[in-house]
Amino acid sequence: MKMKFQPLVLAVSACLIIGCGGGGGGSTTPTTGGGSGGTPTTPTTPTTPTDAPGFTEVSVHDPSVLKVGSEFYIFGSHLAAAKSTDLMKWTKVADGVNNTNPLISNVLTELKETFDWAEATTLWATDVIQLADGKFYMYYNACKGDSPRSALGVAVADSVEGPYKNKQILLKSGMWGEASPDGTVYDAQKHPNVVDPDVFFDKNGRLWMLYGSYSGGLFIMELDKATGLPLPEQGYGKHLMGGNHSRIEGGYVLYSPDTDYYYLFVSFGGLDAAGGYNVRVARSSNPEGPYFDALGNDMASVKSDPTKALFDDASITPYAEKLMGNHQFTALTGETTAPGYVSPGHNSAWYDEAKKQYFLIFHSRFPGRGEQHEVRVHQMFINSQGWPVVAPLRYAPPADASVASSAVAGTYQLIDHGKDISATVKTASTLTLSADGKVSGSQTGSWLLGSNQQLKLVLDGTGQFDGVVSKQWHQGRSNWAVTFSVLSDQGRSLWAVKNP
């Protein structure tokens with residue numbers, strides 16, 4: 001579980017150079033490709049079900065989730081925050097780094113030291129956690145943007161909605177030619193850009209802070225669970241992933257009591273519509289790592305080649321399990337919209353202990369909508385190999401989540417997310433799961449449905465994919481659709497939505 005409480009208690013802007021809570025990226029605008037789409041079919045006109053969900057959209061870049069009582073809160077960049085009781089209908093709480101923002105009163109004065117050091121006037125990805133004293137600790141950060149000159153600090157409030165009062169700066173980066181916290185001269189290729197904090201309790205009650213972006217990569221250090229401050233003599237902490245200005249950022253750790261693994265979610269690529277942002281995951285038996293992908297690659301060795309051009313994506317592309325990236329399904333005749341995302345990423349995650357459900361919370365841009373972004377929530381499932389897979393459509397709870405085995409056979413729209421970091425928007429091809437267990441269409445092979453809606457696909461020339469069949473709300477059809485999400489040991493995800 002992502003324990004954002006003490007046990008027994010509980011950007012539209014793109015940083016175009018050394019990423020700060022998200023870097024700009026690709027040199028081209030999004031294109032489409034990767035599937036045939038198939039010939040549109042005419043579906044039967046469905047009756048709107050009695051459990052049809054409703055949604056209220058919100059824009060919070062880099063959303064980090066915290067549950068307080070019955071409400072979910074998300075905090076993000078630019079001092080934005082929102083809340084929801086159901087993960088579907090969101091209400092904005094705050095937005096904008098200005099002195100009227102209720103989260104931090106007189107923020108330009110309150111965090112003046114931070115802004116002065118970072119030579120910035122805004123804040124990047126914020127994370128909030130509640131400690132044993134009942135108070136809420138906001139880990140904030142600011143970055144210059146064209147260099148990793150950043151400051152990361154903590155502010156404290158009695159209420160989750162503030163006002164937060166600054167406690168102190170914890171870390172600084174970008175001190176060219178000067179000693180860094182580990183005592184050596186700061187080196188942006190190996191030392192972190194101190195942004196994108198994620199603070200969490202592990203299963204044993206120890207408190208950790210994961211942070212970092214581009215520059216020297218992601219790092220983790222232990223915090224004092226009483227004060228929320230770093231334990232002494234850690235320097236920048238332990239390096240976990242990235243380096244040499246790799247486009248890797250937005251780290252977030254979720255513990256699963258089902259598998260006893262810690263899952264490290266990250267975003268590869270750039271956050272803007274041309275950046276190819278995509279969500280990946282690695283796992284470890286320990287919160288401080290090392291983290292591995294399914295092929296056993298240690299994420300600490302995943303970094304760009306320093307002999308190549310800045311933001312060398314080719315060196316990092318093969319690693320970690322890619323859960324999703326740019327894509328768009330096909331709108332069939334009679335459907336009002338075709339689901340799809342551009343540069344989805346910088347996620348947080350949540351485990352509901354009572355319902356034993358997993359959720360991924362992220363921001364995304366959309367095909368044809370430029371840099372406009374909104375928050376999306378998708379349910380996740382654990383496959384038979386102990387890896388999370390993400391449901392293809394946004395979260396809404398059906399009255400009956402079960403899918404009968406007889407309902408799995410049929411023709412689907414298939415998205416192959418691949419492993420690339422690219423502005424290309426993957427389009428749908430056609431895949432058929434026959435009742436006799438055969439797969440045909442854009443892929444051939446066999447399929448088998450196991451217990452708990454676990455699905456295995458064995459595809460010719462590609463290998464085995466393991467995942468889950470689920471029932472998801474399709475907004476374009478205003479009805480529930482059978483879907484599946486599967487993942488190979490090569491870290492490649494397939495999403496599919498059954499045709500009506």
# chains A, B, ... in the order shown; residues from 1 in each chain; ligands from 1
$ residues_around --residues "Pro388 (chain A)" --least-positions-apart "4" --cutoff "12 Å" --atoms "only C-alpha atoms" --output "PDB file with N, CA, C and O atoms, in the first residue's frame"
ATOM      1  N   LEU A 254       4.884   2.558  -4.434  1.00  0.00           N
ATOM      2  CA  LEU A 254       3.689   1.946  -3.852  1.00  0.00           C
ATOM      3  C   LEU A 254       4.043   0.549  -3.365  1.00  0.00           C
ATOM      4  O   LEU A 254       4.605  -0.254  -4.119  1.00  0.00           O
ATOM      5  N   TYR A 255       3.692   0.246  -2.121  1.00  0.00           N
ATOM      6  CA  TYR A 255       3.905  -1.097  -1.587  1.00  0.00           C
ATOM      7  C   TYR A 255       2.640  -1.926  -1.771  1.00  0.00           C
ATOM      8  O   TYR A 255       1.529  -1.466  -1.515  1.00  0.00           O
ATOM      9  N   SER A 256       2.823  -3.176  -2.210  1.00  0.00           N
ATOM     10  CA  SER A 256       1.706  -4.093  -2.381  1.00  0.00           C
ATOM     11  C   SER A 256       1.756  -5.184  -1.309  1.00  0.00           C
ATOM     12  O   SER A 256       2.703  -5.994  -1.297  1.00  0.00           O
ATOM     13  N   ASP A 258      -0.096  -7.665  -1.349  1.00  0.00           N
ATOM     14  CA  ASP A 258      -0.406  -8.904  -2.065  1.00  0.00           C
ATOM     15  C   ASP A 258       0.848  -9.598  -2.569  1.00  0.00           C
ATOM     16  O   ASP A 258       0.912 -10.831  -2.621  1.00  0.00           O
ATOM     17  N   THR A 259       1.841  -8.816  -2.983  1.00  0.00           N
ATOM     18  CA  THR A 259       3.062  -9.392  -3.549  1.00  0.00           C
ATOM     19  C   THR A 259       4.283  -9.188  -2.659  1.00  0.00           C
ATOM     20  O   THR A 259       5.315  -9.818  -2.885  1.00  0.00           O
ATOM     21  N   TYR A 261       6.047  -6.573  -2.697  1.00  0.00           N
ATOM     22  CA  TYR A 261       6.997  -5.779  -3.473  1.00  0.00           C
ATOM     23  C   TYR A 261       6.701  -4.293  -3.301  1.00  0.00           C
ATOM     24  O   TYR A 261       5.547  -3.883  -3.117  1.00  0.00           O
ATOM     25  N   TYR A 262       7.765  -3.502  -3.425  1.00  0.00           N
ATOM     26  CA  TYR A 262       7.641  -2.059  -3.590  1.00  0.00           C
ATOM     27  C   TYR A 262       7.751  -1.774  -5.084  1.00  0.00           C
ATOM     28  O   TYR A 262       8.707  -2.227  -5.737  1.00  0.00           O
ATOM     29  N   TYR A 263       6.790  -1.049  -5.620  1.00  0.00           N
ATOM     30  CA  TYR A 263       6.781  -0.729  -7.051  1.00  0.00           C
ATOM     31  C   TYR A 263       7.201   0.724  -7.251  1.00  0.00           C
ATOM     32  O   TYR A 263       6.599   1.639  -6.681  1.00  0.00           O
ATOM     33  N   LEU A 264       8.227   0.921  -8.043  1.00  0.00           N
ATOM     34  CA  LEU A 264       8.727   2.251  -8.366  1.00  0.00           C
ATOM     35  C   LEU A 264       8.187   2.660  -9.728  1.00  0.00           C
ATOM     36  O   LEU A 264       8.602   2.135 -10.760  1.00  0.00           O
ATOM     37  N   PHE A 265       7.228   3.580  -9.714  1.00  0.00           N
ATOM     38  CA  PHE A 265       6.669   4.131 -10.946  1.00  0.00           C
ATOM     39  C   PHE A 265       7.496   5.342 -11.360  1.00  0.00           C
ATOM     40  O   PHE A 265       7.857   6.171 -10.514  1.00  0.00           O
ATOM     41  N   VAL A 279       4.518   5.975 -18.796  1.00  0.00           N
ATOM     42  CA  VAL A 279       4.629   5.483 -17.425  1.00  0.00           C
ATOM     43  C   VAL A 279       5.278   4.103 -17.420  1.00  0.00           C
ATOM     44  O   VAL A 279       4.851   3.198 -18.158  1.00  0.00           O
ATOM     45  N   ARG A 280       6.291   3.943 -16.574  1.00  0.00           N
ATOM     46  CA  ARG A 280       6.977   2.656 -16.439  1.00  0.00           C
ATOM     47  C   ARG A 280       7.083   2.276 -14.966  1.00  0.00           C
ATOM     48  O   ARG A 280       6.863   3.102 -14.081  1.00  0.00           O
ATOM     49  N   VAL A 281       7.438   1.015 -14.724  1.00  0.00           N
ATOM     50  CA  VAL A 281       7.512   0.536 -13.346  1.00  0.00           C
ATOM     51  C   VAL A 281       8.626  -0.492 -13.208  1.00  0.00           C
ATOM     52  O   VAL A 281       8.935  -1.238 -14.157  1.00  0.00           O
ATOM     53  N   ALA A 282       9.259  -0.494 -12.039  1.00  0.00           N
ATOM     54  CA  ALA A 282      10.210  -1.521 -11.631  1.00  0.00           C
ATOM     55  C   ALA A 282       9.844  -1.908 -10.206  1.00  0.00           C
ATOM     56  O   ALA A 282       9.004  -1.259  -9.575  1.00  0.00           O
ATOM     57  N   ARG A 283      10.445  -2.960  -9.670  1.00  0.00           N
ATOM     58  CA  ARG A 283      10.051  -3.405  -8.336  1.00  0.00           C
ATOM     59  C   ARG A 283      11.250  -3.857  -7.512  1.00  0.00           C
ATOM     60  O   ARG A 283      12.312  -4.188  -8.052  1.00  0.00           O
ATOM     61  N   ASP A 293      13.634  -4.575 -13.329  1.00  0.00           N
ATOM     62  CA  ASP A 293      12.530  -4.864 -14.237  1.00  0.00           C
ATOM     63  C   ASP A 293      12.368  -6.372 -14.350  1.00  0.00           C
ATOM     64  O   ASP A 293      13.074  -7.147 -13.671  1.00  0.00           O
ATOM     65  N   ALA A 294      11.450  -6.840 -15.201  1.00  0.00           N
ATOM     66  CA  ALA A 294      11.133  -8.266 -15.270  1.00  0.00           C
ATOM     67  C   ALA A 294      12.291  -9.102 -15.798  1.00  0.00           C
ATOM     68  O   ALA A 294      12.362 -10.308 -15.547  1.00  0.00           O
ATOM     69  N   GLU A 321       9.212  -1.725 -17.080  1.00  0.00           N
ATOM     70  CA  GLU A 321       7.986  -2.212 -17.722  1.00  0.00           C
ATOM     71  C   GLU A 321       7.149  -1.009 -18.149  1.00  0.00           C
ATOM     72  O   GLU A 321       6.708  -0.226 -17.313  1.00  0.00           O
ATOM     73  N   LYS A 322       6.934  -0.843 -19.436  1.00  0.00           N
ATOM     74  CA  LYS A 322       6.150   0.279 -19.936  1.00  0.00           C
ATOM     75  C   LYS A 322       4.667  -0.042 -19.792  1.00  0.00           C
ATOM     76  O   LYS A 322       4.143  -0.950 -20.442  1.00  0.00           O
ATOM     77  N   LEU A 323       3.975   0.722 -18.958  1.00  0.00           N
ATOM     78  CA  LEU A 323       2.562   0.463 -18.681  1.00  0.00           C
ATOM     79  C   LEU A 323       1.632   1.181 -19.631  1.00  0.00           C
ATOM     80  O   LEU A 323       0.551   0.678 -19.946  1.00  0.00           O
ATOM     81  N   MET A 324       2.018   2.373 -20.070  1.00  0.00           N
ATOM     82  CA  MET A 324       1.184   3.090 -21.045  1.00  0.00           C
ATOM     83  C   MET A 324       1.944   4.282 -21.606  1.00  0.00           C
ATOM     84  O   MET A 324       2.883   4.799 -20.994  1.00  0.00           O
ATOM     85  N   ALA A 349       0.030   6.703  -6.930  1.00  0.00           N
ATOM     86  CA  ALA A 349      -0.727   5.452  -6.900  1.00  0.00           C
ATOM     87  C   ALA A 349      -1.311   5.257  -5.511  1.00  0.00           C
ATOM     88  O   ALA A 349      -0.813   5.804  -4.521  1.00  0.00           O
ATOM     89  N   TYR A 351      -3.441   2.281  -2.871  1.00  0.00           N
ATOM     90  CA  TYR A 351      -3.988   0.961  -2.596  1.00  0.00           C
ATOM     91  C   TYR A 351      -5.090   1.101  -1.567  1.00  0.00           C
ATOM     92  O   TYR A 351      -4.867   1.644  -0.474  1.00  0.00           O
ATOM     93  N   GLN A 357      -8.029  -2.829  -3.802  1.00  0.00           N
ATOM     94  CA  GLN A 357      -7.957  -2.316  -5.172  1.00  0.00           C
ATOM     95  C   GLN A 357      -6.791  -1.347  -5.302  1.00  0.00           C
ATOM     96  O   GLN A 357      -6.463  -0.627  -4.358  1.00  0.00           O
ATOM     97  N   TYR A 358      -6.201  -1.325  -6.490  1.00  0.00           N
ATOM     98  CA  TYR A 358      -5.074  -0.455  -6.798  1.00  0.00           C
ATOM     99  C   TYR A 358      -5.510   0.608  -7.807  1.00  0.00           C
ATOM    100  O   TYR A 358      -6.276   0.318  -8.740  1.00  0.00           O
ATOM    101  N   PHE A 359      -4.962   1.823  -7.654  1.00  0.00           N
ATOM    102  CA  PHE A 359      -5.321   2.917  -8.546  1.00  0.00           C
ATOM    103  C   PHE A 359      -4.074   3.682  -8.972  1.00  0.00           C
ATOM    104  O   PHE A 359      -3.140   3.872  -8.189  1.00  0.00           O
ATOM    105  N   LEU A 360      -4.080   4.122 -10.219  1.00  0.00           N
ATOM    106  CA  LEU A 360      -3.039   4.975 -10.774  1.00  0.00           C
ATOM    107  C   LEU A 360      -3.654   6.337 -11.042  1.00  0.00           C
ATOM    108  O   LEU A 360      -4.672   6.443 -11.731  1.00  0.00           O
ATOM    109  N   HIS A 378      -7.035   5.490 -13.237  1.00  0.00           N
ATOM    110  CA  HIS A 378      -7.303   4.163 -13.788  1.00  0.00           C
ATOM    111  C   HIS A 378      -7.086   3.125 -12.695  1.00  0.00           C
ATOM    112  O   HIS A 378      -6.192   3.264 -11.852  1.00  0.00           O
ATOM    113  N   GLN A 379      -7.901   2.094 -12.724  1.00  0.00           N
ATOM    114  CA  GLN A 379      -7.678   0.992 -11.801  1.00  0.00           C
ATOM    115  C   GLN A 379      -6.503   0.161 -12.295  1.00  0.00           C
ATOM    116  O   GLN A 379      -6.252   0.050 -13.512  1.00  0.00           O
ATOM    117  N   MET A 380      -5.746  -0.393 -11.369  1.00  0.00           N
ATOM    118  CA  MET A 380      -4.672  -1.324 -11.688  1.00  0.00           C
ATOM    119  C   MET A 380      -4.986  -2.692 -11.096  1.00  0.00           C
ATOM    120  O   MET A 380      -5.738  -2.802 -10.126  1.00  0.00           O
ATOM    121  N   PHE A 381      -4.375  -3.701 -11.685  1.00  0.00           N
ATOM    122  CA  PHE A 381      -4.502  -5.070 -11.202  1.00  0.00           C
ATOM    123  C   PHE A 381      -3.113  -5.688 -11.150  1.00  0.00           C
ATOM    124  O   PHE A 381      -2.204  -5.256 -11.860  1.00  0.00           O
ATOM    125  N   ILE A 382      -2.939  -6.696 -10.333  1.00  0.00           N
ATOM    126  CA  ILE A 382      -1.667  -7.426 -10.272  1.00  0.00           C
ATOM    127  C   ILE A 382      -1.805  -8.694 -11.101  1.00  0.00           C
ATOM    128  O   ILE A 382      -2.720  -9.505 -10.881  1.00  0.00           O
ATOM    129  N   ASN A 383      -0.902  -8.873 -12.068  1.00  0.00           N
ATOM    130  CA  ASN A 383      -1.010 -10.059 -12.923  1.00  0.00           C
ATOM    131  C   ASN A 383      -0.357 -11.272 -12.257  1.00  0.00           C
ATOM    132  O   ASN A 383       0.169 -11.190 -11.139  1.00  0.00           O
ATOM    133  N   SER A 384      -0.397 -12.401 -12.951  1.00  0.00           N
ATOM    134  CA  SER A 384       0.073 -13.654 -12.367  1.00  0.00           C
ATOM    135  C   SER A 384       1.579 -13.666 -12.126  1.00  0.00           C
ATOM    136  O   SER A 384       2.089 -14.531 -11.399  1.00  0.00           O
ATOM    137  N   ASP A 466       0.774 -11.568 -19.691  1.00  0.00           N
ATOM    138  CA  ASP A 466      -0.089 -11.914 -18.567  1.00  0.00           C
ATOM    139  C   ASP A 466      -0.800 -10.672 -18.065  1.00  0.00           C
ATOM    140  O   ASP A 466      -0.181  -9.610 -17.916  1.00  0.00           O
ATOM    141  N   GLY A 467      -2.091 -10.805 -17.793  1.00  0.00           N
ATOM    142  CA  GLY A 467      -2.841  -9.659 -17.318  1.00  0.00           C
ATOM    143  C   GLY A 467      -4.203 -10.022 -16.802  1.00  0.00           C
ATOM    144  O   GLY A 467      -4.423 -11.139 -16.314  1.00  0.00           O
ATOM    145  N   VAL A 468      -5.132  -9.093 -16.946  1.00  0.00           N
ATOM    146  CA  VAL A 468      -6.436  -9.227 -16.318  1.00  0.00           C
ATOM    147  C   VAL A 468      -7.529  -8.714 -17.245  1.00  0.00           C
ATOM    148  O   VAL A 468      -7.365  -7.685 -17.918  1.00  0.00           O
ATOM    149  N   SER A 485      -5.940  -5.891 -20.086  1.00  0.00           N
ATOM    150  CA  SER A 485      -4.623  -5.269 -20.073  1.00  0.00           C
ATOM    151  C   SER A 485      -3.623  -6.351 -19.726  1.00  0.00           C
ATOM    152  O   SER A 485      -3.774  -7.036 -18.708  1.00  0.00           O
ATOM    153  N   VAL A 486      -2.608  -6.533 -20.567  1.00  0.00           N
ATOM    154  CA  VAL A 486      -1.623  -7.588 -20.364  1.00  0.00           C
ATOM    155  C   VAL A 486      -0.220  -7.023 -20.545  1.00  0.00           C
ATOM    156  O   VAL A 486      -0.016  -6.014 -21.224  1.00  0.00           O
ATOM    157  N   LEU A 487       0.766  -7.687 -19.936  1.00  0.00           N
ATOM    158  CA  LEU A 487       2.147  -7.219 -19.925  1.00  0.00           C
ATOM    159  C   LEU A 487       3.076  -8.389 -20.179  1.00  0.00           C
ATOM    160  O   LEU A 487       2.885  -9.468 -19.608  1.00  0.00           O
ATOM    161  N   SER A 488       4.087  -8.183 -21.025  1.00  0.00           N
ATOM    162  CA  SER A 488       5.068  -9.236 -21.297  1.00  0.00           C
ATOM    163  C   SER A 488       6.288  -9.042 -20.407  1.00  0.00           C
ATOM    164  O   SER A 488       6.487  -7.981 -19.807  1.00  0.00           O
ATOM    165  N   GLY A 491       8.434  -6.083 -20.917  1.00  0.00           N
ATOM    166  CA  GLY A 491       7.977  -4.775 -20.492  1.00  0.00           C
ATOM    167  C   GLY A 491       7.104  -4.059 -21.492  1.00  0.00           C
ATOM    168  O   GLY A 491       7.056  -2.823 -21.531  1.00  0.00           O
ATOM    169  N   SER A 493       3.217  -3.477 -22.923  1.00  0.00           N
ATOM    170  CA  SER A 493       1.801  -3.599 -22.544  1.00  0.00           C
ATOM    171  C   SER A 493       0.896  -3.589 -23.775  1.00  0.00           C
ATOM    172  O   SER A 493       1.118  -2.835 -24.724  1.00  0.00           O
TER     173      SER A 493
END
$ residues_around --residues "Asn278 (chain A)" --least-positions-apart "6" --cutoff "10 Å" --atoms "only C-alpha atoms" --output "ChimeraX atom specification"
/A:248,266-271,322-326,342-346,364,417,419-422
$ write_last_selection --atoms "N, CA and C atoms" --output "PDB file, in the first residue's frame"
ATOM      1  N   ILE A 248      14.193  10.748 -17.186  1.00  0.00           N
ATOM      2  CA  ILE A 248      13.504   9.889 -16.224  1.00  0.00           C
ATOM      3  C   ILE A 248      13.151  10.748 -15.021  1.00  0.00           C
ATOM      4  N   VAL A 266       7.776   5.467 -12.646  1.00  0.00           N
ATOM      5  CA  VAL A 266       8.511   6.613 -13.173  1.00  0.00           C
ATOM      6  C   VAL A 266       7.924   7.005 -14.525  1.00  0.00           C
ATOM      7  N   SER A 267       8.254   8.211 -14.963  1.00  0.00           N
ATOM      8  CA  SER A 267       7.887   8.655 -16.305  1.00  0.00           C
ATOM      9  C   SER A 267       9.152   8.843 -17.124  1.00  0.00           C
ATOM     10  N   PHE A 268       9.180   8.218 -18.298  1.00  0.00           N
ATOM     11  CA  PHE A 268      10.267   8.398 -19.257  1.00  0.00           C
ATOM     12  C   PHE A 268       9.799   9.420 -20.300  1.00  0.00           C
ATOM     13  N   GLY A 269      10.739  10.189 -20.837  1.00  0.00           N
ATOM     14  CA  GLY A 269      10.407  11.140 -21.891  1.00  0.00           C
ATOM     15  C   GLY A 269      10.119  12.525 -21.355  1.00  0.00           C
ATOM     16  N   GLY A 270       9.496  13.352 -22.199  1.00  0.00           N
ATOM     17  CA  GLY A 270       9.178  14.728 -21.841  1.00  0.00           C
ATOM     18  C   GLY A 270       7.696  14.917 -21.644  1.00  0.00           C
ATOM     19  N   LEU A 271       7.337  15.830 -20.748  1.00  0.00           N
ATOM     20  CA  LEU A 271       5.928  15.960 -20.347  1.00  0.00           C
ATOM     21  C   LEU A 271       5.036  16.623 -21.382  1.00  0.00           C
ATOM     22  N   LYS A 322       6.934  -0.843 -19.436  1.00  0.00           N
ATOM     23  CA  LYS A 322       6.150   0.279 -19.936  1.00  0.00           C
ATOM     24  C   LYS A 322       4.667  -0.042 -19.792  1.00  0.00           C
ATOM     25  N   LEU A 323       3.975   0.722 -18.958  1.00  0.00           N
ATOM     26  CA  LEU A 323       2.562   0.463 -18.681  1.00  0.00           C
ATOM     27  C   LEU A 323       1.632   1.181 -19.631  1.00  0.00           C
ATOM     28  N   MET A 324       2.018   2.373 -20.070  1.00  0.00           N
ATOM     29  CA  MET A 324       1.184   3.090 -21.045  1.00  0.00           C
ATOM     30  C   MET A 324       1.944   4.282 -21.606  1.00  0.00           C
ATOM     31  N   GLY A 325       1.503   4.716 -22.797  1.00  0.00           N
ATOM     32  CA  GLY A 325       2.052   5.889 -23.458  1.00  0.00           C
ATOM     33  C   GLY A 325       1.013   6.493 -24.372  1.00  0.00           C
ATOM     34  N   ASN A 326       1.474   7.213 -25.397  1.00  0.00           N
ATOM     35  CA  ASN A 326       0.552   7.852 -26.348  1.00  0.00           C
ATOM     36  C   ASN A 326      -0.289   6.799 -27.074  1.00  0.00           C
ATOM     37  N   VAL A 342      -2.213  11.583 -24.693  1.00  0.00           N
ATOM     38  CA  VAL A 342      -0.928  12.061 -25.190  1.00  0.00           C
ATOM     39  C   VAL A 342      -0.070  12.424 -23.986  1.00  0.00           C
ATOM     40  N   SER A 343       1.118  11.854 -23.916  1.00  0.00           N
ATOM     41  CA  SER A 343       2.065  12.106 -22.829  1.00  0.00           C
ATOM     42  C   SER A 343       1.456  11.937 -21.438  1.00  0.00           C
ATOM     43  N   PRO A 344       0.828  10.794 -21.170  1.00  0.00           N
ATOM     44  CA  PRO A 344       0.343  10.541 -19.806  1.00  0.00           C
ATOM     45  C   PRO A 344       1.510  10.262 -18.880  1.00  0.00           C
ATOM     46  N   GLY A 345       1.445  10.775 -17.647  1.00  0.00           N
ATOM     47  CA  GLY A 345       2.546  10.473 -16.763  1.00  0.00           C
ATOM     48  C   GLY A 345       2.558  11.242 -15.469  1.00  0.00           C
ATOM     49  N   HIS A 346       3.723  11.262 -14.846  1.00  0.00           N
ATOM     50  CA  HIS A 346       3.984  11.796 -13.512  1.00  0.00           C
ATOM     51  C   HIS A 346       2.845  11.415 -12.574  1.00  0.00           C
ATOM     52  N   SER A 364      -2.682  13.880 -17.990  1.00  0.00           N
ATOM     53  CA  SER A 364      -2.470  13.539 -19.390  1.00  0.00           C
ATOM     54  C   SER A 364      -2.899  14.690 -20.280  1.00  0.00           C
ATOM     55  N   HIS A 417       1.401  -0.759 -26.800  1.00  0.00           N
ATOM     56  CA  HIS A 417       2.149   0.401 -26.316  1.00  0.00           C
ATOM     57  C   HIS A 417       3.638   0.341 -26.650  1.00  0.00           C
ATOM     58  N   LYS A 419       7.717  -0.218 -26.610  1.00  0.00           N
ATOM     59  CA  LYS A 419       8.699   0.210 -25.615  1.00  0.00           C
ATOM     60  C   LYS A 419       9.327   1.564 -25.959  1.00  0.00           C
ATOM     61  N   ASP A 420       8.856   2.224 -27.004  1.00  0.00           N
ATOM     62  CA  ASP A 420       9.501   3.433 -27.475  1.00  0.00           C
ATOM     63  C   ASP A 420       9.193   4.652 -26.618  1.00  0.00           C
ATOM     64  N   ILE A 421      10.019   5.677 -26.760  1.00  0.00           N
ATOM     65  CA  ILE A 421       9.791   7.014 -26.211  1.00  0.00           C
ATOM     66  C   ILE A 421       9.616   7.908 -27.428  1.00  0.00           C
ATOM     67  N   SER A 422       8.394   8.258 -27.746  1.00  0.00           N
ATOM     68  CA  SER A 422       8.112   8.858 -29.044  1.00  0.00           C
ATOM     69  C   SER A 422       6.850   9.699 -28.996  1.00  0.00           C
TER      70      SER A 422
END
$ residues_around --residues "Val65 (chain A)" --least-positions-apart "5" --cutoff "12 Å" --atoms "only C-alpha atoms" --output "number ranges by chain"
A: 2-5, 60, 71-76, 81-84, 87, 125-130, 160, 198-200, 252-254, 346-351, 359-362, 375, 377
$ select_by_dssp --residues "region 77-217 of chain A" --states "strand (DSSP E or B)" --output "number ranges by chain"
A: 81-84, 89, 91-94, 127-130, 136-143, 150-157, 165-173, 176, 179, 185-186, 198-201, 207-212
$ closest_residue --among "A:Leu170, A:Ala274, A:Ala407, A:Ala428" --to "Glu371 (chain A)" --atoms "only C-alpha atoms"
A:Ala274
$ closest_residue --among "A:Thr121, A:Arg376, A:Met241, A:Asn98" --to "Ile316 (chain A)" --atoms "only C-alpha atoms"
A:Met241
$ atom_distance --atom1 "CA of Leu171 (chain A)" --atom2 "CA of Gly134 (chain A)"
24.4 Å
$ closest_residue --among "A:Asp436, A:Glu110, A:Glu222, A:Asp312" --to "Ser246 (chain A)" --atoms "only C-alpha atoms"
A:Asp312
$ atom_distance --atom1 "CA of Gly445 (chain A)" --atom2 "CA of Ala338 (chain A)"
27.2 Å
$ residues_around --residues "Lys225 (chain A)" --least-positions-apart "3" --cutoff "9 Å" --atoms "only C-alpha atoms" --output "list in words"
Gln6, Leu131, Ala132, Phe201, Gly205, Arg206, Leu207, Trp208, Glu222, Gly228 and Leu229 of chain A
$ atom_distance --atom1 "CA of Leu108 (chain A)" --atom2 "CA of Leu223 (chain A)"
26.7 Å
$ residues_around --residues "Gly441 (chain A)" --least-positions-apart "5" --cutoff "9 Å" --atoms "only C-alpha atoms" --output "list in words"
Thr411, Ser429, Thr430, Leu431, Thr432 and Leu433 of chain A
$ write_last_selection --atoms "N, CA and C atoms" --output "tab-separated table (two decimals), in the first residue's frame"
chain	number	residue	atom	x	y	z
A	411	THR	N	-14.32	-9.75	-30.66
A	411	THR	CA	-13.38	-8.90	-31.39
A	411	THR	C	-13.10	-7.63	-30.60
A	429	SER	N	-5.50	-1.60	-33.65
A	429	SER	CA	-5.68	-2.65	-34.64
A	429	SER	C	-6.78	-3.57	-34.14
A	430	THR	N	-7.13	-4.57	-34.95
A	430	THR	CA	-8.22	-5.48	-34.60
A	430	THR	C	-7.68	-6.84	-34.16
A	431	LEU	N	-8.20	-7.34	-33.05
A	431	LEU	CA	-7.77	-8.62	-32.51
A	431	LEU	C	-9.02	-9.41	-32.13
A	432	THR	N	-9.03	-10.69	-32.46
A	432	THR	CA	-10.16	-11.55	-32.12
A	432	THR	C	-9.71	-12.69	-31.22
A	433	LEU	N	-10.42	-12.83	-30.11
A	433	LEU	CA	-10.23	-13.99	-29.24
A	433	LEU	C	-11.38	-14.95	-29.53
$ closest_residue --among "A:Gly237, A:Pro318, A:Gly296, A:Pro197" --to "Pro63 (chain A)" --atoms "only C-alpha atoms"
A:Pro197
$ closest_residue --among "A:Val403, A:Met138, A:Ala354, A:Ala309" --to "Ser451 (chain A)" --atoms "only C-alpha atoms"
A:Val403
$ closest_residue --among "A:Ile415, A:Val302, A:Ala157, A:Ala142" --to "Gly216 (chain A)" --atoms "only C-alpha atoms"
A:Val302
$ residues_around --residues "Phe311 (chain A)" --least-positions-apart "5" --cutoff "8 Å" --atoms "only C-alpha atoms" --output "ChimeraX atom specification"
/A:245-247,304
$ select_by_dssp --residues "region 48-133 of chain A" --states "helix (DSSP H, G or I)" --output "PyMOL selection string"
chain A and resi 77-79+107-110+112-118
$ decode --residues "region 216-232 of chain A" --atoms "C-alpha atoms" --output "compact mmCIF listing (two decimals), in the first residue's frame"
# COMPACT_ATOMS: atom_id res chain seq x y z
CA GLY A 216 21.87 12.59 -11.92
CA GLY A 217 18.62 10.66 -11.67
CA LEU A 218 16.37 9.48 -8.82
CA PHE A 219 17.60 9.20 -5.23
CA ILE A 220 16.12 8.03 -1.94
CA MET A 221 16.90 8.96 1.66
CA GLU A 222 15.44 8.08 5.05
CA LEU A 223 13.56 10.71 7.05
CA ASP A 224 12.94 11.05 10.76
CA LYS A 225 9.33 9.91 11.11
CA ALA A 226 8.76 12.31 14.02
CA THR A 227 10.10 15.48 12.40
CA GLY A 228 9.85 14.73 8.68
CA LEU A 229 13.49 15.85 8.24
CA PRO A 230 16.33 13.79 6.72
CA LEU A 231 18.33 11.60 9.07
CA PRO A 232 21.90 12.95 9.36
